[in-house]
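A.B. asks: Below is structure-v6.txt; it holds compact mmCIF, C-alpha atoms and all ligand atoms.
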```
# COMPACT_ATOMS: atom_id res chain seq x y z
CA MET A 1 0.00 0.00 0.00
CA PRO A 2 1.46 3.41 -0.93
CA LEU A 3 1.58 6.30 1.50
CA SER A 4 -1.79 7.64 2.57
CA VAL A 5 -3.15 10.50 0.49
CA PRO A 6 -3.86 13.60 2.62
CA THR A 7 -7.54 14.20 1.93
CA THR A 8 -9.97 16.79 3.23
CA LEU A 9 -13.66 15.96 3.60
CA VAL A 10 -16.00 18.93 3.34
CA PRO A 11 -19.49 17.94 4.52
CA PHE A 12 -22.19 20.52 3.83
CA ASN A 13 -25.34 21.28 5.78
CA GLY A 14 -27.59 18.32 6.44
CA VAL A 15 -25.11 15.47 6.05
CA SER A 16 -25.34 13.14 9.03
CA PRO A 17 -22.23 13.57 11.23
CA ARG A 18 -22.31 9.85 11.88
CA LEU A 19 -22.19 9.13 8.16
CA VAL A 20 -19.26 11.53 7.82
CA ASP A 21 -17.39 9.63 10.55
CA GLN A 22 -18.19 6.37 8.80
CA ILE A 23 -16.95 7.47 5.39
CA ALA A 24 -13.85 8.99 7.02
CA CYS A 25 -13.13 5.66 8.68
CA ASP A 26 -13.80 3.69 5.48
CA LEU A 27 -11.57 5.93 3.37
CA GLU A 28 -8.80 5.76 5.98
CA GLY A 29 -8.92 2.02 5.43
CA MET A 30 -8.48 2.59 1.68
CA GLY A 31 -5.29 4.64 1.96
CA TYR A 32 -6.62 8.16 2.51
CA ASP A 33 -5.44 10.27 5.42
CA ILE A 34 -8.66 12.09 6.31
CA ARG A 35 -9.18 15.53 7.80
CA ILE A 36 -12.72 16.86 8.18
CA GLU A 37 -13.41 20.52 7.47
CA GLN A 38 -16.79 21.69 8.70
CA THR A 39 -18.38 24.49 6.73
CA GLN A 40 -21.58 26.40 7.35
CA ILE A 41 -21.34 28.28 4.08
CA PRO A 42 -24.79 28.47 2.49
CA LEU A 43 -24.61 27.51 -1.15
CA THR A 44 -27.36 29.88 -2.22
CA LYS A 45 -25.66 30.87 -5.47
CA ALA A 46 -25.52 27.27 -6.58
CA PHE A 47 -29.21 26.67 -5.84
CA ASN A 48 -31.55 26.51 -8.81
CA SER A 49 -34.96 27.39 -7.42
CA ARG A 50 -36.77 26.21 -10.54
CA ARG A 51 -35.19 22.76 -10.35
CA LYS A 52 -34.97 22.75 -6.54
CA GLN A 53 -31.50 21.28 -6.89
CA TYR A 54 -27.95 22.52 -6.57
CA SER A 55 -25.66 22.93 -9.52
CA ALA A 56 -22.66 20.67 -8.98
CA ASP A 57 -20.02 22.66 -10.87
CA PRO A 58 -19.89 25.80 -8.69
CA ILE A 59 -19.89 23.62 -5.58
CA LEU A 60 -16.95 21.64 -6.91
CA ASN A 61 -15.18 24.95 -7.48
CA PHE A 62 -15.95 25.97 -3.91
CA VAL A 63 -14.65 22.66 -2.57
CA ARG A 64 -11.43 23.16 -4.51
CA ARG A 65 -10.51 26.07 -2.23
CA PHE A 66 -9.80 23.72 0.66
CA SER A 67 -6.30 22.38 1.10
CA GLY A 68 -5.30 18.74 0.87
CA GLN A 69 -3.88 16.62 -1.87
CA ARG A 70 -7.46 15.54 -2.48
CA VAL A 71 -10.66 17.22 -1.37
CA LEU A 72 -14.07 15.56 -1.30
CA GLY A 73 -17.23 17.61 -0.81
CA ILE A 74 -20.27 15.78 0.60
CA MET A 75 -23.70 17.23 -0.15
CA PHE A 76 -26.93 16.21 1.52
CA ASP A 77 -29.01 17.93 -1.14
CA ASP A 78 -29.63 16.83 -4.70
CA ILE A 79 -27.15 18.00 -7.34
CA TYR A 80 -27.29 18.22 -11.14
CA ARG A 81 -25.14 19.10 -14.14
CA TYR A 82 -26.16 20.51 -17.49
CA VAL A 83 -29.19 18.67 -18.86
CA LEU A 84 -28.85 15.68 -16.54
CA ASP A 85 -31.77 15.19 -14.16
CA TYR A 86 -29.33 14.64 -11.35
CA VAL A 87 -25.87 13.29 -10.61
CA ASN A 88 -24.67 11.41 -7.55
CA GLY A 89 -21.23 12.88 -7.87
CA MET A 90 -18.64 14.48 -10.10
CA ALA A 91 -14.89 15.01 -10.05
CA ASP A 92 -11.88 16.51 -11.77
CA LEU A 93 -10.50 14.10 -14.36
CA PRO A 94 -7.76 14.25 -13.28
CA GLY A 95 -7.33 16.80 -10.51
CA ARG A 96 -7.81 17.34 -6.79
CA ALA A 97 -11.49 17.87 -6.22
CA ALA A 98 -14.49 15.57 -6.06
CA LEU A 99 -18.09 15.99 -4.97
CA VAL A 100 -20.72 13.45 -3.93
CA SER A 101 -24.34 13.75 -2.86
CA THR A 102 -25.97 11.44 -0.33
CA CYS A 103 -29.43 12.55 -1.45
CA ARG A 104 -30.29 9.45 -3.46
CA LEU A 105 -28.35 6.87 -1.46
CA GLY A 106 -31.19 5.90 0.86
CA GLU A 107 -33.06 6.67 4.04
CA GLU A 108 -31.78 6.89 7.61
CA GLN A 109 -28.43 8.27 6.72
CA GLY A 110 -25.90 7.52 9.42
CA ASP A 111 -27.72 4.46 10.58
CA ASN A 112 -28.01 2.48 7.39
CA PRO A 113 -25.15 0.15 6.43
CA LEU A 114 -26.31 0.16 2.81
CA VAL A 115 -26.07 3.96 2.59
CA ARG A 116 -22.61 3.75 4.10
CA LYS A 117 -21.50 1.26 1.45
CA ARG A 118 -23.08 3.23 -1.37
CA LEU A 119 -21.33 6.36 -0.20
CA LEU A 120 -18.02 4.49 -0.11
CA GLU A 121 -18.56 3.17 -3.64
CA LEU A 122 -19.47 6.62 -4.88
CA SER A 123 -16.48 8.21 -3.13
CA LEU A 124 -14.07 5.60 -4.51
CA HIS A 125 -15.52 6.22 -7.96
CA GLU A 126 -15.12 10.00 -7.83
CA LEU A 127 -11.71 9.88 -6.14
CA GLY A 128 -10.65 7.39 -8.82
CA HIS A 129 -11.48 10.02 -11.43
CA THR A 130 -9.23 12.55 -9.66
CA PHE A 131 -6.35 10.12 -10.23
CA GLY A 132 -7.21 9.97 -13.90
CA LEU A 133 -9.17 6.70 -13.90
CA GLU A 134 -11.96 6.65 -16.46
CA HIS A 135 -15.06 4.48 -16.52
CA CYS A 136 -14.45 0.74 -16.53
CA PRO A 137 -16.42 -2.01 -18.33
CA THR A 138 -16.11 -4.43 -15.39
CA PRO A 139 -19.45 -4.46 -13.53
CA ARG A 140 -17.88 -5.39 -10.17
CA CYS A 141 -15.58 -2.39 -10.15
CA ALA A 142 -16.15 0.97 -8.43
CA MET A 143 -15.19 2.67 -11.71
CA TYR A 144 -17.92 0.87 -13.66
CA GLY A 145 -19.68 3.38 -15.87
CA GLY A 146 -23.09 2.83 -14.39
CA ALA A 147 -21.83 2.47 -10.85
CA ALA A 148 -23.27 5.72 -9.64
CA THR A 149 -26.73 5.18 -11.09
CA ASN A 150 -27.41 1.49 -11.47
CA GLY A 151 -29.62 0.51 -8.60
CA TRP A 152 -27.07 0.13 -5.82
CA LEU A 153 -28.47 -3.21 -4.73
CA GLU A 154 -25.02 -4.54 -4.11
CA PRO A 155 -22.56 -1.69 -3.66
CA VAL A 156 -19.09 -2.37 -5.03
CA VAL A 157 -16.50 -1.08 -2.62
CA CYS A 158 -13.35 -2.07 -4.50
CA TYR A 159 -11.70 -1.64 -7.88
CA CYS A 160 -11.15 -4.38 -10.44
CA GLU A 161 -7.57 -5.58 -10.79
CA SER A 162 -6.71 -3.38 -13.74
CA CYS A 163 -8.16 -0.22 -12.14
CA ARG A 164 -6.42 -1.05 -8.88
CA LYS A 165 -3.09 -1.37 -10.67
CA ALA A 166 -3.62 1.87 -12.59
CA LEU A 167 -4.63 3.67 -9.39
CA THR A 168 -1.59 2.44 -7.46
CA GLN A 169 0.65 3.55 -10.30
CA LYS A 170 -0.94 7.01 -10.48
CA ARG A 171 -0.94 7.42 -6.73
CA ASN A 172 2.73 6.48 -6.47
CA ALA A 173 3.52 8.85 -9.32
CA SER A 174 2.03 11.74 -7.37
CA TYR A 175 4.73 11.52 -4.70
ZN ZN B 201 -17.72 8.54 -13.22
ZN ZN B 202 -12.19 -1.34 -13.18
```
Represent the structure from my file as structure tokens, please.
Ligand SMILES: [Zn+2]
Ligand SMILES: [Zn+2]

C.D. replies:
Amino acid sequence: MPLSVPTTLVPFNGVSPRLVDQIACDLEGMGYDIRIEQTQIPLTKAFNSRRKQYSADPILNFVRRFSGQRVLGIMFDDIYRYVLDYVNGMADLPGRAALVSTCRLGEEQGDNPLVRKRLLELSLHELGHTFGLEHCPTPRCAMYGGAATNGWLEPVVCYCESCRKALTQKRNASY
């Protein structure tokens, strides 16, 4: 396992603190050195009152202001991009910043093991993009193209062998 990647989590209003602790713990186990940065900043400029959703791109830009080799914003509210009805997450490809939303992951956030796993899958997917990984054709891989939208019945909390190798290579190269 390479050195841990210093990573800042930025949870926004409404995200369950327990879920934040859980994802922090899970990502620590996957080689990320986690620091949590609380923010009370209201994202009013990113809110689209007609759609009743937040635009993901300006929030990703906001998240990028925080320090850390990687920074992962966590939204409670629903987010969208362009003409898409919604997205569960987005990220620089490659870059430093990633954003996920827990909105569509399930009920009882913070007390639901399935939501925890889905959030881990989603986070691994978006963080994978920041290391330059693109979508993968292997269904049991966190980088699978449909991973963030395909039902979530059985969350995939690991990468396939080829994505894992590529990720290790890219992570080592960043030191
Ligand atoms: Zn993706
Ligand atoms: Zn893969």

A.B. asks: Between atom CA of Cys158 of chain A and atom CA of Gly14 of chain A, what is the spacing in Å?

C.D. replies: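 Answer for the atom CA of Gly14 of chain A to atom CA of Cys158 of chain A separation: 27.2 Å.
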
A.B. asks: Could you pull the residues within 8 Å of Asp111 of chain A, counting all atoms listed in the file, minus those fewer than 3 positions along the same chain, as a VMD selection string?

C.D. replies: chain A and resid 18 to 19 108

A.B. asks: Using all atoms listed in the file, find each protein or nucleic acid residue lying at most 7 Å from ligand ZN 202 (chain B); present the set as an MDAnalysis selection string.

C.D. replies: chainID A and resid 136:138 141:144 159:163

A.B. asks: How would you write, as a VMD selection string, the set of residues no farther than 9 Å from ligand ZN 201 (chain B) when counting all atoms listed in the file?

C.D. replies: chain A and resid 89 to 91 122 125 to 126 128 to 129 133 to 135 143 to 148

A.B. asks: Include C-alpha atoms and write out the residues we just selected as a JSON list (two decimals), in the coordinates of the input.

C.D. replies:
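Heads up, here's the output in selection.json:
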```json
[["chain", "number", "residue", "atom", "x", "y", "z"],
["A", 89, "GLY", "CA", -21.23, 12.88, -7.87],
["A", 90, "MET", "CA", -18.64, 14.48, -10.10],
["A", 91, "ALA", "CA", -14.89, 15.01, -10.05],
["A", 122, "LEU", "CA", -19.47, 6.62, -4.88],
["A", 125, "HIS", "CA", -15.52, 6.22, -7.96],
["A", 126, "GLU", "CA", -15.12, 10.00, -7.83],
["A", 128, "GLY", "CA", -10.65, 7.39, -8.82],
["A", 129, "HIS", "CA", -11.48, 10.02, -11.43],
["A", 133, "LEU", "CA", -9.17, 6.70, -13.90],
["A", 134, "GLU", "CA", -11.96, 6.65, -16.46],
["A", 135, "HIS", "CA", -15.06, 4.48, -16.52],
["A", 143, "MET", "CA", -15.19, 2.67, -11.71],
["A", 144, "TYR", "CA", -17.92, 0.87, -13.66],
["A", 145, "GLY", "CA", -19.68, 3.38, -15.87],
["A", 146, "GLY", "CA", -23.09, 2.83, -14.39],
["A", 147, "ALA", "CA", -21.83, 2.47, -10.85],
["A", 148, "ALA", "CA", -23.27, 5.72, -9.64]]
```

A.B. asks: Kindly give the distance, in Å, that separates atom CA of Arg70 of chain A and atom CA of Val83 of chain A, rounded to a single decimal.

C.D. replies: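 About the pair atom CA of Arg70 of chain A and atom CA of Val83 of chain A: they are 27.4 Å apart.
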
A.B. asks: If I take atom CA of Asn13 of chain A and atom CA of Tyr86 of chain A, how far is one from the other in Å, to one decimal?

C.D. replies: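 Between these atoms lies a distance of 18.8 Å.
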
A.B. asks: Could you name the residues that touch Pro17 of chain A at 12 Å or less, counting all atoms listed in the file, but leaving out those on the same chain fewer than 4 positions away, as a compact mmCIF listing (two decimals) with C-alpha atoms, keeping the file's coordinate frame?

C.D. replies:
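What follows is the written file out-v6.txt:
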```txt
# COMPACT_ATOMS: atom_id res chain seq x y z
CA LEU A 9 -13.66 15.96 3.60
CA VAL A 10 -16.00 18.93 3.34
CA PRO A 11 -19.49 17.94 4.52
CA PHE A 12 -22.19 20.52 3.83
CA ASN A 13 -25.34 21.28 5.78
CA ASP A 21 -17.39 9.63 10.55
CA GLN A 22 -18.19 6.37 8.80
CA ILE A 23 -16.95 7.47 5.39
CA ALA A 24 -13.85 8.99 7.02
CA ILE A 36 -12.72 16.86 8.18
CA GLU A 37 -13.41 20.52 7.47
CA GLN A 38 -16.79 21.69 8.70
CA ILE A 74 -20.27 15.78 0.60
CA PHE A 76 -26.93 16.21 1.52
CA GLN A 109 -28.43 8.27 6.72
CA GLY A 110 -25.90 7.52 9.42
CA ASP A 111 -27.72 4.46 10.58
```

A.B. asks: Give the answer as one residue: which of A:Gln69, A:Lys117, A:Thr44, A:Leu105 has the shortest atom-to-atom distance to Ser174 of chain A, using all atoms listed in the file?

C.D. replies: A:Gln69
